[in-house]
Structure formats: C-alpha cells, structure tokens
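Asker: Can you read through this structure? Questions will come right after.
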Amino acid sequence: MLKLGLDLVPRCGAEMVDPATMSAVELYKVHVQSSENIQGVSARGTLRRPKDTSKIQTRHMFMCMRDFGYHIGEETEVYFSLYDAKNFKFIRQVFERFLVKISKEGFSNYIEKLHNNCTIFTELGLQDLSRDLYIVAHVMRIGKMVYSESSKKVSLSSSSSSSSAQTPVSYFKRPLGVAVLNISEMLTSNNSNNSDEREFTFRVFQTDEKDFCQLHDTLIRKQNSKYSPLSSHPNYGIVISLRILDGDLRQVREENPLAFKNVSTTKKMGFPDVIMPGHVRNDLYLTLEKGEFEKGGKSTGKNIEVSVIVLDYEGNVVPDCIWGASGTDSSAEYRSMIVYHHNAPCWMETIRLAVPIEKYNIAHIRFEYRHCSSKSCKIKS
C-alpha cells in the first residue's frame, strides 16, 4: 500500500510486524486498521464526521445506574463497558469495565454510600466520537452453580442466620444476561441541553450460556431468534442516566466538583488524543478469551473457573495489583465466570494489571484452571 507515494509499513502499536511470521489474514487486518486510522485523521473537518463534532476536542461521559428492575434472588454484578460496533466483523471494547454490585434483596437495598453506582468514562476523543458506540451491560449472578427457587430459599435463610457453625457454601460467578444501548447520537450531539442528565431504560436479554460472550454482538445485529428477554415486567429494565461533559479533564473536575465527588473514573484502554505533561500510565490489559479442555471420563462437560494471580520471581503474590473493573478495590486474585458443562468455554473478560514498574521484569502471571462441582462445595484443580 502507498500513501503520498511512500510505502506504508504495517505496525501493531509501535512495532513493525514480521510478514514471515504473520498469516495473510492477520496482515490484511493490520493494513485495514492502518488505512482506517489514516482516513480518520485526514478526514477531520470533512463530511466523514458530523459537523457538530468538529469543535469538540475531548468529551467525558458521566453515567449513573438508577435502578435495576429485576429481582434475581442472589447477589448480582452488572459490568458496564463501551463497545465500538462500527465494523460489524468484530465489536471491540474501547474502555475498561465498570462494576455495580447488587445485593440479593434488590438494588434499592444495596446503596450504602452516595455515588457507588456512578462513574465517569474519561477522554472520549474525536476518533471515539466517530465510532458507533454502545453501552453494554453484562449481568452476572453470584451464587450456586445451578439456580432454582429452592436454592433461593436456602440462600435467604442462610443469610438471615448468624450462626458461625454453618457449613461454608461456595459461590460462583454465573452468566445471566446482557443489555445494550446505542449512545452515538448523544455523544456526537452539540445540543446546548446535552450537559443535562438524560435517563434511559434498556432491557436485559439471555441466551444459551455457550453463546453468552457473543450476546452483545447478537443484540446489536438484532438476530432475534438467538435470544429472549429476561423475565420481568415488560416496562422494567436497567435504568441509567447519562451526562456529557466537555473539555480537559482537570478543568471539568474543577467546574463540576459534585459530579466527581466519590465517583470512580473508568479509563480508556489507551492514551487520549492529547497527552498532557505528567500523565503517566503503567497498565497492562489482559483478556481471558476462551479455552479448550478434555472431557476425560465423564459424559458431561466441565465447569471451568479461571483464577489470575501475579507472582514475583520468588513465587510471592504481588498484592493489590489486579482490577476486575473500576468501581471496586484492587485485589491479588481475579476469578472468572463459569460456563456450565462446557469444555470449550468463552469468557471474554478484560481485567487491568497495575504492576509496579520495578517489579515488571521479575513478575509473571499464573493462570489456575479449576473444575467446580455443581453437587458439592468441592473444587477440583
């Protein structure tokens, strides 16, 4: 490929790719991505971009979860993230996830402090505004391997009992449903009322567990035959409010102190369009995609859980360096969701590793794979 009469060197990040070690399909994708990046930069101010975004340098999006219109009966985790659906060959995550936890009693009983259900997606640049962005909510239940009304009653009775002699029960992260909401029009709008909070409601849908990691893609493509709504009142769903904030992040913080008070910030998986002096990041993003495991002597598939731990060269655990999502505290270990009875599970969970710079050369990541039995509390490695 030529640009201005010069050879276009394919690169992944800052490194040149080696055509001898890369397949033709992968090399083609690198060229396509490079071409799109060049066209995106050269098209600023042209008809490829909405006219009302030409004056926008950086935008930030304040998001707050106002209600969760489903009663699951178990503890629930809702992971929010932004996805780019402009190229329907794949949908790429552009921000890390934001987590809201809900108790088994329901959303209204969970709120313990102000703003723990709110976040700000920072540094949305011109290239981000040209994308077809969706808010995607992945809903997980935290409880027994197999959910039933009887297990719900047992869970409620065990939570009300304070006896210390009870047998400990294992709880697992299990997929439940996904909801999607298109926000491109709101992000690119230059309306004077855009700074006001707007409320949206979107419903949660479910599918077979083996297809859960692709459900957001299916919903965006509107392939109706592959999913069904999560049972609830037809008008219920996830209720969120959104507000757009324009300008430099430091300036926005000064002008909107209440919006940022006790509110977590959800980072972009990359640097902003303009890197300010003193802006330092040392993050490693890791995505658990999928795995294939032998069935062994059993007729049914395994329930595989993955644990991620960072160790130094002496085998000591590096503490508090893993973030499963923003809105939570760091931890030394991350545990994945479990796909029930499936030997080729797909997780597609992205986590952030913030390892101290001085430990990068001596640290390594350990993945532990376990089969979790649905009949007992035993976990087999």
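Residue numbering restarts at 1 in every chain; chains get A, B, ... in the order shown in the structure tokens, and ligands count up from 1 in that same order.
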Using only C-alpha atoms, which residues sit within 8 Å of segment 203-209 of chain A once same-chain residues fewer than 6 positions away are excluded, as a list in words?
Answerer: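 After dropping sequence-adjacent residues, the list is Pro175, Leu176, Gly177, Val178, Ala179, Val180, Leu215, Lys226, Tyr227, Ser228, Pro229, Leu230, Tyr236, Gly237, Ile238, Val339 and Tyr340 of chain A.
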Asker: For segment 264-269 of chain A, please output as a PyMOL selection string all residues within 10 Å (counting only C-alpha atoms; exclusion window: fewer than 2 positions along the same chain).
Answerer: chain A and resi 60-62+80-82+93-99+115-124+260-262+271-272+283-285+325-328+352
Asker: Can you write just those residues out, N, CA and C atoms, as a short mmCIF file (atom, residue, chain, number, x, y, z; two decimals), in the first residue's frame?
Answerer:
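Ended up saving to result_38.cif:
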data_model
loop_
_atom_site.label_atom_id
_atom_site.label_comp_id
_atom_site.auth_asym_id
_atom_site.auth_seq_id
_atom_site.Cartn_x
_atom_site.Cartn_y
_atom_site.Cartn_z
N HIS A 60 -16.27 13.71 28.11
CA HIS A 60 -16.33 12.71 29.17
C HIS A 60 -17.81 12.41 29.41
N MET A 61 -18.10 11.18 29.78
CA MET A 61 -19.50 10.79 29.96
C MET A 61 -19.73 10.31 31.38
N PHE A 62 -20.58 11.05 32.08
CA PHE A 62 -20.99 10.67 33.43
C PHE A 62 -22.14 9.69 33.31
N PHE A 80 -20.53 -2.67 33.23
CA PHE A 80 -20.81 -1.74 32.14
C PHE A 80 -19.50 -1.47 31.39
N SER A 81 -19.61 -1.39 30.06
CA SER A 81 -18.45 -1.03 29.25
C SER A 81 -18.93 -0.41 27.95
N LEU A 82 -18.04 0.25 27.23
CA LEU A 82 -18.34 0.85 25.94
C LEU A 82 -17.74 -0.01 24.84
N GLN A 93 -13.86 -3.70 22.39
CA GLN A 93 -14.02 -2.96 23.64
C GLN A 93 -13.02 -1.81 23.67
N VAL A 94 -13.49 -0.60 23.98
CA VAL A 94 -12.62 0.57 23.95
C VAL A 94 -12.37 1.14 25.34
N PHE A 95 -13.14 0.74 26.33
CA PHE A 95 -12.95 1.18 27.71
C PHE A 95 -12.94 -0.04 28.62
N GLU A 96 -12.29 0.11 29.77
CA GLU A 96 -12.37 -0.95 30.74
C GLU A 96 -13.77 -0.98 31.36
N ARG A 97 -14.04 -2.00 32.15
CA ARG A 97 -15.39 -2.19 32.66
C ARG A 97 -15.62 -1.41 33.96
N PHE A 98 -16.89 -1.14 34.23
CA PHE A 98 -17.32 -0.52 35.47
C PHE A 98 -18.33 -1.45 36.13
N LEU A 99 -18.15 -1.70 37.43
CA LEU A 99 -18.95 -2.70 38.13
C LEU A 99 -19.89 -2.06 39.15
N HIS A 115 -23.07 7.63 45.32
CA HIS A 115 -22.28 7.57 44.09
C HIS A 115 -21.53 6.26 43.88
N ASN A 116 -21.76 5.20 44.68
CA ASN A 116 -21.04 3.97 44.40
C ASN A 116 -21.63 3.24 43.20
N ASN A 117 -22.67 3.79 42.60
CA ASN A 117 -23.24 3.24 41.38
C ASN A 117 -23.04 4.18 40.19
N CYS A 118 -22.06 5.10 40.32
CA CYS A 118 -21.81 6.09 39.27
C CYS A 118 -20.34 6.06 38.86
N THR A 119 -20.09 6.44 37.60
CA THR A 119 -18.72 6.52 37.11
C THR A 119 -18.65 7.57 36.01
N ILE A 120 -17.42 7.92 35.62
CA ILE A 120 -17.20 8.84 34.51
C ILE A 120 -16.25 8.17 33.52
N PHE A 121 -16.74 7.93 32.31
CA PHE A 121 -15.90 7.41 31.22
C PHE A 121 -15.12 8.60 30.66
N THR A 122 -13.82 8.58 30.83
CA THR A 122 -12.99 9.75 30.54
C THR A 122 -12.36 9.69 29.16
N GLU A 123 -11.98 10.88 28.68
CA GLU A 123 -11.14 11.05 27.49
C GLU A 123 -11.74 10.44 26.22
N LEU A 124 -12.98 10.80 25.89
CA LEU A 124 -13.56 10.42 24.60
C LEU A 124 -13.12 11.43 23.55
N PHE A 260 -17.78 14.74 40.45
CA PHE A 260 -16.61 13.87 40.61
C PHE A 260 -16.41 13.42 42.05
N LYS A 261 -17.21 13.93 42.97
CA LYS A 261 -17.02 13.59 44.38
C LYS A 261 -17.41 12.14 44.64
N ASN A 262 -16.46 11.35 45.12
CA ASN A 262 -16.67 9.94 45.45
C ASN A 262 -17.14 9.12 44.26
N PHE A 271 -4.22 5.72 25.30
CA PHE A 271 -3.99 7.11 25.68
C PHE A 271 -4.99 8.03 24.99
N PRO A 272 -5.28 9.19 25.58
CA PRO A 272 -6.18 10.15 24.93
C PRO A 272 -5.52 10.79 23.72
N ASP A 283 -0.35 0.49 32.80
CA ASP A 283 -1.39 -0.53 32.90
C ASP A 283 -1.20 -1.60 31.84
N LEU A 284 -1.47 -2.84 32.22
CA LEU A 284 -1.47 -3.96 31.29
C LEU A 284 -2.88 -4.55 31.29
N TYR A 285 -3.52 -4.54 30.11
CA TYR A 285 -4.86 -5.10 29.99
C TYR A 285 -4.78 -6.53 29.48
N ALA A 325 -12.56 -4.53 37.45
CA ALA A 325 -13.34 -3.43 36.87
C ALA A 325 -13.13 -2.21 37.73
N SER A 326 -13.43 -1.04 37.18
CA SER A 326 -13.41 0.17 38.01
C SER A 326 -14.63 0.16 38.91
N GLY A 327 -14.58 0.96 39.95
CA GLY A 327 -15.67 0.96 40.92
C GLY A 327 -15.48 -0.04 42.03
N THR A 328 -14.39 -0.81 41.99
CA THR A 328 -14.08 -1.79 43.03
C THR A 328 -12.65 -1.57 43.49
N ARG A 352 -7.50 -5.35 34.37
CA ARG A 352 -6.34 -4.44 34.33
C ARG A 352 -5.33 -4.83 35.39
#
Asker: Write out as a ChimeraX atom specification which residues come within 8 Å of Phe172 of chain A when counting only C-alpha atoms, dropping same-chain ones fewer than 3 positions away.
Answerer: /A:142-145,337-338
Asker: Return the single residue from A:Ile102, A:Met22, A:Cys321, A:Ile240 that is closest to His71 of chain A, with distances computed using only C-alpha atoms.
Answerer: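 The answer is A:Ile102, which sits nearest to His71 of chain A.
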Asker: Measure the distance from atom CA of Glu26 of chain A to atom CA of Lys222 of chain A in Å and round it to one decimal.
Answerer: 27.8 Å
Asker: So what do you get for atom CA of Val17 of chain A versus atom CA of Gln33 of chain A, distance-wise?
Answerer: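 Interatomic distance here is 13.3 Å.
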Asker: What's the separation between atom CA of Val308 of chain A and atom CA of Ile365 of chain A, in Å to one decimal place?
Answerer: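 So the answer is 6.9 Å.
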Asker: Enumerate as number ranges by chain all residues of segment 63-298 of chain A assigned to alpha helix (DSSP H) by DSSP on the backbone, naming them with the chain letters and numbers the document uses.
Answerer: A: 126-129, 149-160, 184-188, 215-221, 249-255, 257-260
Asker: Kindly save the residues from that selection, with N, CA and C atoms included, as a JSON list (two decimals), in the first residue's frame.
Answerer:
[["chain", "number", "residue", "atom", "x", "y", "z"],
["A", 126, "LEU", "N", -11.92, 12.64, 19.38],
["A", 126, "LEU", "CA", -12.59, 12.73, 18.09],
["A", 126, "LEU", "C", -12.76, 11.37, 17.43],
["A", 127, "GLN", "N", -11.73, 10.53, 17.54],
["A", 127, "GLN", "CA", -11.83, 9.21, 16.93],
["A", 127, "GLN", "C", -12.90, 8.36, 17.61],
["A", 128, "ASP", "N", -13.03, 8.51, 18.92],
["A", 128, "ASP", "CA", -14.07, 7.77, 19.65],
["A", 128, "ASP", "C", -15.46, 8.25, 19.25],
["A", 129, "LEU", "N", -15.62, 9.56, 19.04],
["A", 129, "LEU", "CA", -16.93, 10.10, 18.70],
["A", 129, "LEU", "C", -17.37, 9.69, 17.31],
["A", 149, "GLU", "N", -35.55, -22.14, 42.64],
["A", 149, "GLU", "CA", -36.30, -21.50, 43.70],
["A", 149, "GLU", "C", -35.93, -22.04, 45.07],
["A", 150, "SER", "N", -35.60, -23.35, 45.12],
["A", 150, "SER", "CA", -35.21, -23.93, 46.40],
["A", 150, "SER", "C", -33.88, -23.37, 46.87],
["A", 151, "SER", "N", -32.95, -23.20, 45.95],
["A", 151, "SER", "CA", -31.66, -22.61, 46.33],
["A", 151, "SER", "C", -31.82, -21.16, 46.75],
["A", 152, "LYS", "N", -32.82, -20.47, 46.15],
["A", 152, "LYS", "CA", -33.10, -19.09, 46.55],
["A", 152, "LYS", "C", -33.57, -19.04, 48.00],
["A", 153, "LYS", "N", -34.44, -19.99, 48.38],
["A", 153, "LYS", "CA", -34.92, -20.01, 49.75],
["A", 153, "LYS", "C", -33.80, -20.35, 50.72],
["A", 154, "VAL", "N", -32.94, -21.30, 50.31],
["A", 154, "VAL", "CA", -31.80, -21.66, 51.16],
["A", 154, "VAL", "C", -30.87, -20.47, 51.33],
["A", 155, "SER", "N", -30.65, -19.73, 50.24],
["A", 155, "SER", "CA", -29.76, -18.57, 50.29],
["A", 155, "SER", "C", -30.30, -17.50, 51.23],
["A", 156, "LEU", "N", -31.62, -17.26, 51.15],
["A", 156, "LEU", "CA", -32.20, -16.24, 52.01],
["A", 156, "LEU", "C", -32.18, -16.66, 53.46],
["A", 157, "SER", "N", -32.44, -17.96, 53.73],
["A", 157, "SER", "CA", -32.44, -18.42, 55.11],
["A", 157, "SER", "C", -31.04, -18.43, 55.70],
["A", 158, "SER", "N", -30.04, -18.77, 54.87],
["A", 158, "SER", "CA", -28.67, -18.79, 55.37],
["A", 158, "SER", "C", -28.16, -17.39, 55.64],
["A", 159, "SER", "N", -28.62, -16.39, 54.84],
["A", 159, "SER", "CA", -28.17, -15.02, 55.06],
["A", 159, "SER", "C", -28.77, -14.42, 56.32],
["A", 160, "SER", "N", -29.97, -14.91, 56.70],
["A", 160, "SER", "CA", -30.61, -14.38, 57.89],
["A", 160, "SER", "C", -30.09, -15.01, 59.17],
["A", 184, "SER", "N", -24.39, 6.75, 20.36],
["A", 184, "SER", "CA", -23.63, 7.54, 19.39],
["A", 184, "SER", "C", -24.26, 8.90, 19.16],
["A", 185, "GLU", "N", -25.59, 8.94, 19.02],
["A", 185, "GLU", "CA", -26.26, 10.20, 18.74],
["A", 185, "GLU", "C", -26.07, 11.19, 19.89],
["A", 186, "MET", "N", -26.13, 10.70, 21.11],
["A", 186, "MET", "CA", -25.97, 11.59, 22.26],
["A", 186, "MET", "C", -24.54, 12.12, 22.34],
["A", 187, "LEU", "N", -23.56, 11.29, 22.03],
["A", 187, "LEU", "CA", -22.16, 11.69, 22.14],
["A", 187, "LEU", "C", -21.79, 12.72, 21.08],
["A", 188, "THR", "N", -22.36, 12.59, 19.88],
["A", 188, "THR", "CA", -21.99, 13.50, 18.79],
["A", 188, "THR", "C", -22.86, 14.75, 18.74],
["A", 215, "LEU", "N", -23.30, -12.47, 23.04],
["A", 215, "LEU", "CA", -24.69, -12.00, 23.09],
["A", 215, "LEU", "C", -24.80, -10.52, 22.76],
["A", 216, "HIS", "N", -23.85, -9.68, 23.21],
["A", 216, "HIS", "CA", -23.92, -8.26, 22.88],
["A", 216, "HIS", "C", -23.83, -8.04, 21.38],
["A", 217, "ASP", "N", -23.00, -8.83, 20.70],
["A", 217, "ASP", "CA", -22.89, -8.76, 19.25],
["A", 217, "ASP", "C", -24.23, -9.14, 18.61],
["A", 218, "THR", "N", -24.85, -10.22, 19.11],
["A", 218, "THR", "CA", -26.13, -10.69, 18.57],
["A", 218, "THR", "C", -27.22, -9.65, 18.76],
["A", 219, "LEU", "N", -27.24, -8.98, 19.92],
["A", 219, "LEU", "CA", -28.25, -7.96, 20.19],
["A", 219, "LEU", "C", -28.09, -6.76, 19.27],
["A", 220, "ILE", "N", -26.85, -6.35, 19.04],
["A", 220, "ILE", "CA", -26.60, -5.20, 18.17],
["A", 220, "ILE", "C", -26.98, -5.53, 16.72],
["A", 221, "ARG", "N", -26.73, -6.76, 16.31],
["A", 221, "ARG", "CA", -27.11, -7.19, 14.96],
["A", 221, "ARG", "C", -28.61, -7.47, 14.84],
["A", 249, "LEU", "N", -9.94, 17.22, 31.28],
["A", 249, "LEU", "CA", -10.41, 16.51, 32.46],
["A", 249, "LEU", "C", -10.17, 17.32, 33.73],
["A", 250, "ARG", "N", -9.01, 17.95, 33.83],
["A", 250, "ARG", "CA", -8.70, 18.75, 35.02],
["A", 250, "ARG", "C", -9.67, 19.91, 35.15],
["A", 251, "GLN", "N", -9.97, 20.57, 34.02],
["A", 251, "GLN", "CA", -10.89, 21.69, 34.04],
["A", 251, "GLN", "C", -12.31, 21.23, 34.39],
["A", 252, "VAL", "N", -12.71, 20.08, 33.85],
["A", 252, "VAL", "CA", -14.05, 19.55, 34.13],
["A", 252, "VAL", "C", -14.19, 19.21, 35.61],
["A", 253, "ARG", "N", -13.12, 18.69, 36.21],
["A", 253, "ARG", "CA", -13.15, 18.39, 37.64],
["A", 253, "ARG", "C", -13.37, 19.65, 38.47],
["A", 254, "GLU", "N", -12.70, 20.74, 38.07],
["A", 254, "GLU", "CA", -12.82, 22.00, 38.81],
["A", 254, "GLU", "C", -14.21, 22.61, 38.65],
["A", 255, "GLU", "N", -14.79, 22.46, 37.46],
["A", 255, "GLU", "CA", -16.09, 23.08, 37.20],
["A", 255, "GLU", "C", -17.25, 22.25, 37.73],
["A", 257, "PRO", "N", -17.32, 19.88, 40.69],
["A", 257, "PRO", "CA", -16.77, 19.15, 41.84],
["A", 257, "PRO", "C", -17.73, 18.11, 42.40],
["A", 258, "LEU", "N", -19.04, 18.39, 42.36],
["A", 258, "LEU", "CA", -20.00, 17.44, 42.92],
["A", 258, "LEU", "C", -20.13, 16.20, 42.04],
["A", 259, "ALA", "N", -19.98, 16.36, 40.73],
["A", 259, "ALA", "CA", -20.10, 15.21, 39.82],
["A", 259, "ALA", "C", -18.95, 14.23, 40.03],
["A", 260, "PHE", "N", -17.78, 14.74, 40.45],
["A", 260, "PHE", "CA", -16.61, 13.87, 40.61],
["A", 260, "PHE", "C", -16.41, 13.42, 42.05]]
Asker: Quick one: of A:Ser241, A:Ser299, A:Thr201, A:Asn282, who's nearest to Pro356 of chain A, counting only C-alpha atoms?
Answerer: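 Under the stated criterion, the closest residue is A:Asn282.
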Asker: Got a sec to tell me which of segment 171-254 of chain A DSSP assigns to strand (DSSP E), as a ChimeraX atom specification?
Answerer: /A:172-182,198-202,205-206,228-229,238-246
Asker: Those same residues, written as a PDB file, in the first residue's frame with N, CA and C atoms?
Answerer:
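part_25.pdb written:
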ATOM      1  N   PHE A 172     -20.329 -18.931  43.028  1.00  0.00           N
ATOM      2  CA  PHE A 172     -19.661 -18.818  41.741  1.00  0.00           C
ATOM      3  C   PHE A 172     -20.272 -17.680  40.934  1.00  0.00           C
ATOM      4  N   LYS A 173     -19.453 -17.140  40.018  1.00  0.00           N
ATOM      5  CA  LYS A 173     -19.932 -16.105  39.105  1.00  0.00           C
ATOM      6  C   LYS A 173     -20.514 -16.795  37.874  1.00  0.00           C
ATOM      7  N   ARG A 174     -21.805 -16.600  37.663  1.00  0.00           N
ATOM      8  CA  ARG A 174     -22.511 -17.292  36.593  1.00  0.00           C
ATOM      9  C   ARG A 174     -23.175 -16.290  35.647  1.00  0.00           C
ATOM     10  N   PRO A 175     -23.100 -16.523  34.330  1.00  0.00           N
ATOM     11  CA  PRO A 175     -23.700 -15.580  33.366  1.00  0.00           C
ATOM     12  C   PRO A 175     -25.217 -15.591  33.443  1.00  0.00           C
ATOM     13  N   LEU A 176     -25.821 -14.409  33.301  1.00  0.00           N
ATOM     14  CA  LEU A 176     -27.275 -14.287  33.388  1.00  0.00           C
ATOM     15  C   LEU A 176     -27.869 -13.615  32.154  1.00  0.00           C
ATOM     16  N   GLY A 177     -27.386 -12.428  31.794  1.00  0.00           N
ATOM     17  CA  GLY A 177     -27.959 -11.733  30.652  1.00  0.00           C
ATOM     18  C   GLY A 177     -27.133 -10.537  30.231  1.00  0.00           C
ATOM     19  N   VAL A 178     -27.525  -9.917  29.113  1.00  0.00           N
ATOM     20  CA  VAL A 178     -26.803  -8.779  28.541  1.00  0.00           C
ATOM     21  C   VAL A 178     -27.819  -7.753  28.059  1.00  0.00           C
ATOM     22  N   ALA A 179     -27.474  -6.477  28.209  1.00  0.00           N
ATOM     23  CA  ALA A 179     -28.289  -5.373  27.692  1.00  0.00           C
ATOM     24  C   ALA A 179     -27.385  -4.418  26.916  1.00  0.00           C
ATOM     25  N   VAL A 180     -27.903  -3.832  25.838  1.00  0.00           N
ATOM     26  CA  VAL A 180     -27.122  -2.896  25.017  1.00  0.00           C
ATOM     27  C   VAL A 180     -27.927  -1.629  24.776  1.00  0.00           C
ATOM     28  N   LEU A 181     -27.208  -0.502  24.654  1.00  0.00           N
ATOM     29  CA  LEU A 181     -27.842   0.795  24.418  1.00  0.00           C
ATOM     30  C   LEU A 181     -26.935   1.631  23.524  1.00  0.00           C
ATOM     31  N   ASN A 182     -27.463   2.079  22.383  1.00  0.00           N
ATOM     32  CA  ASN A 182     -26.692   2.907  21.456  1.00  0.00           C
ATOM     33  C   ASN A 182     -26.643   4.349  21.976  1.00  0.00           C
ATOM     34  N   ARG A 198     -29.714  12.788  31.117  1.00  0.00           N
ATOM     35  CA  ARG A 198     -30.816  12.154  30.405  1.00  0.00           C
ATOM     36  C   ARG A 198     -30.933  10.715  30.876  1.00  0.00           C
ATOM     37  N   GLU A 199     -32.151  10.261  31.030  1.00  0.00           N
ATOM     38  CA  GLU A 199     -32.401   8.930  31.576  1.00  0.00           C
ATOM     39  C   GLU A 199     -32.783   7.962  30.460  1.00  0.00           C
ATOM     40  N   PHE A 200     -32.237   6.739  30.546  1.00  0.00           N
ATOM     41  CA  PHE A 200     -32.506   5.702  29.555  1.00  0.00           C
ATOM     42  C   PHE A 200     -32.838   4.398  30.273  1.00  0.00           C
ATOM     43  N   THR A 201     -33.690   3.602  29.649  1.00  0.00           N
ATOM     44  CA  THR A 201     -34.021   2.268  30.153  1.00  0.00           C
ATOM     45  C   THR A 201     -33.785   1.256  29.038  1.00  0.00           C
ATOM     46  N   PHE A 202     -33.035   0.211  29.326  1.00  0.00           N
ATOM     47  CA  PHE A 202     -32.835  -0.838  28.333  1.00  0.00           C
ATOM     48  C   PHE A 202     -32.930  -2.205  28.999  1.00  0.00           C
ATOM     49  N   PHE A 205     -31.406  -9.304  28.067  1.00  0.00           N
ATOM     50  CA  PHE A 205     -31.766 -10.492  27.302  1.00  0.00           C
ATOM     51  C   PHE A 205     -30.822 -11.626  27.676  1.00  0.00           C
ATOM     52  N   GLN A 206     -31.284 -12.847  27.461  1.00  0.00           N
ATOM     53  CA  GLN A 206     -30.489 -14.026  27.796  1.00  0.00           C
ATOM     54  C   GLN A 206     -30.450 -14.985  26.621  1.00  0.00           C
ATOM     55  N   SER A 228     -33.712 -14.194  24.116  1.00  0.00           N
ATOM     56  CA  SER A 228     -35.056 -13.937  24.650  1.00  0.00           C
ATOM     57  C   SER A 228     -34.919 -12.988  25.830  1.00  0.00           C
ATOM     58  N   PRO A 229     -35.962 -12.193  26.131  1.00  0.00           N
ATOM     59  CA  PRO A 229     -35.866 -11.231  27.247  1.00  0.00           C
ATOM     60  C   PRO A 229     -35.858 -11.940  28.593  1.00  0.00           C
ATOM     61  N   ILE A 238     -32.844  -2.071  33.035  1.00  0.00           N
ATOM     62  CA  ILE A 238     -31.775  -1.314  33.684  1.00  0.00           C
ATOM     63  C   ILE A 238     -31.987   0.167  33.374  1.00  0.00           C
ATOM     64  N   VAL A 239     -32.059   0.980  34.404  1.00  0.00           N
ATOM     65  CA  VAL A 239     -32.269   2.416  34.234  1.00  0.00           C
ATOM     66  C   VAL A 239     -30.959   3.137  34.548  1.00  0.00           C
ATOM     67  N   ILE A 240     -30.454   3.908  33.595  1.00  0.00           N
ATOM     68  CA  ILE A 240     -29.231   4.680  33.799  1.00  0.00           C
ATOM     69  C   ILE A 240     -29.487   6.125  33.387  1.00  0.00           C
ATOM     70  N   SER A 241     -28.681   7.018  33.927  1.00  0.00           N
ATOM     71  CA  SER A 241     -28.704   8.419  33.498  1.00  0.00           C
ATOM     72  C   SER A 241     -27.325   8.774  32.958  1.00  0.00           C
ATOM     73  N   LEU A 242     -27.304   9.576  31.884  1.00  0.00           N
ATOM     74  CA  LEU A 242     -26.069   9.958  31.214  1.00  0.00           C
ATOM     75  C   LEU A 242     -25.975  11.474  31.140  1.00  0.00           C
ATOM     76  N   ARG A 243     -24.755  11.963  31.237  1.00  0.00           N
ATOM     77  CA  ARG A 243     -24.497  13.393  31.126  1.00  0.00           C
ATOM     78  C   ARG A 243     -23.149  13.589  30.434  1.00  0.00           C
ATOM     79  N   ILE A 244     -23.095  14.485  29.458  1.00  0.00           N
ATOM     80  CA  ILE A 244     -21.873  14.748  28.701  1.00  0.00           C
ATOM     81  C   ILE A 244     -21.161  15.964  29.279  1.00  0.00           C
ATOM     82  N   LEU A 245     -19.839  15.820  29.486  1.00  0.00           N
ATOM     83  CA  LEU A 245     -19.005  16.908  29.998  1.00  0.00           C
ATOM     84  C   LEU A 245     -17.892  17.174  28.990  1.00  0.00           C
ATOM     85  N   ASP A 246     -17.763  18.414  28.537  1.00  0.00           N
ATOM     86  CA  ASP A 246     -16.773  18.782  27.528  1.00  0.00           C
ATOM     87  C   ASP A 246     -15.584  19.490  28.162  1.00  0.00           C
TER      88      ASP A 246
END
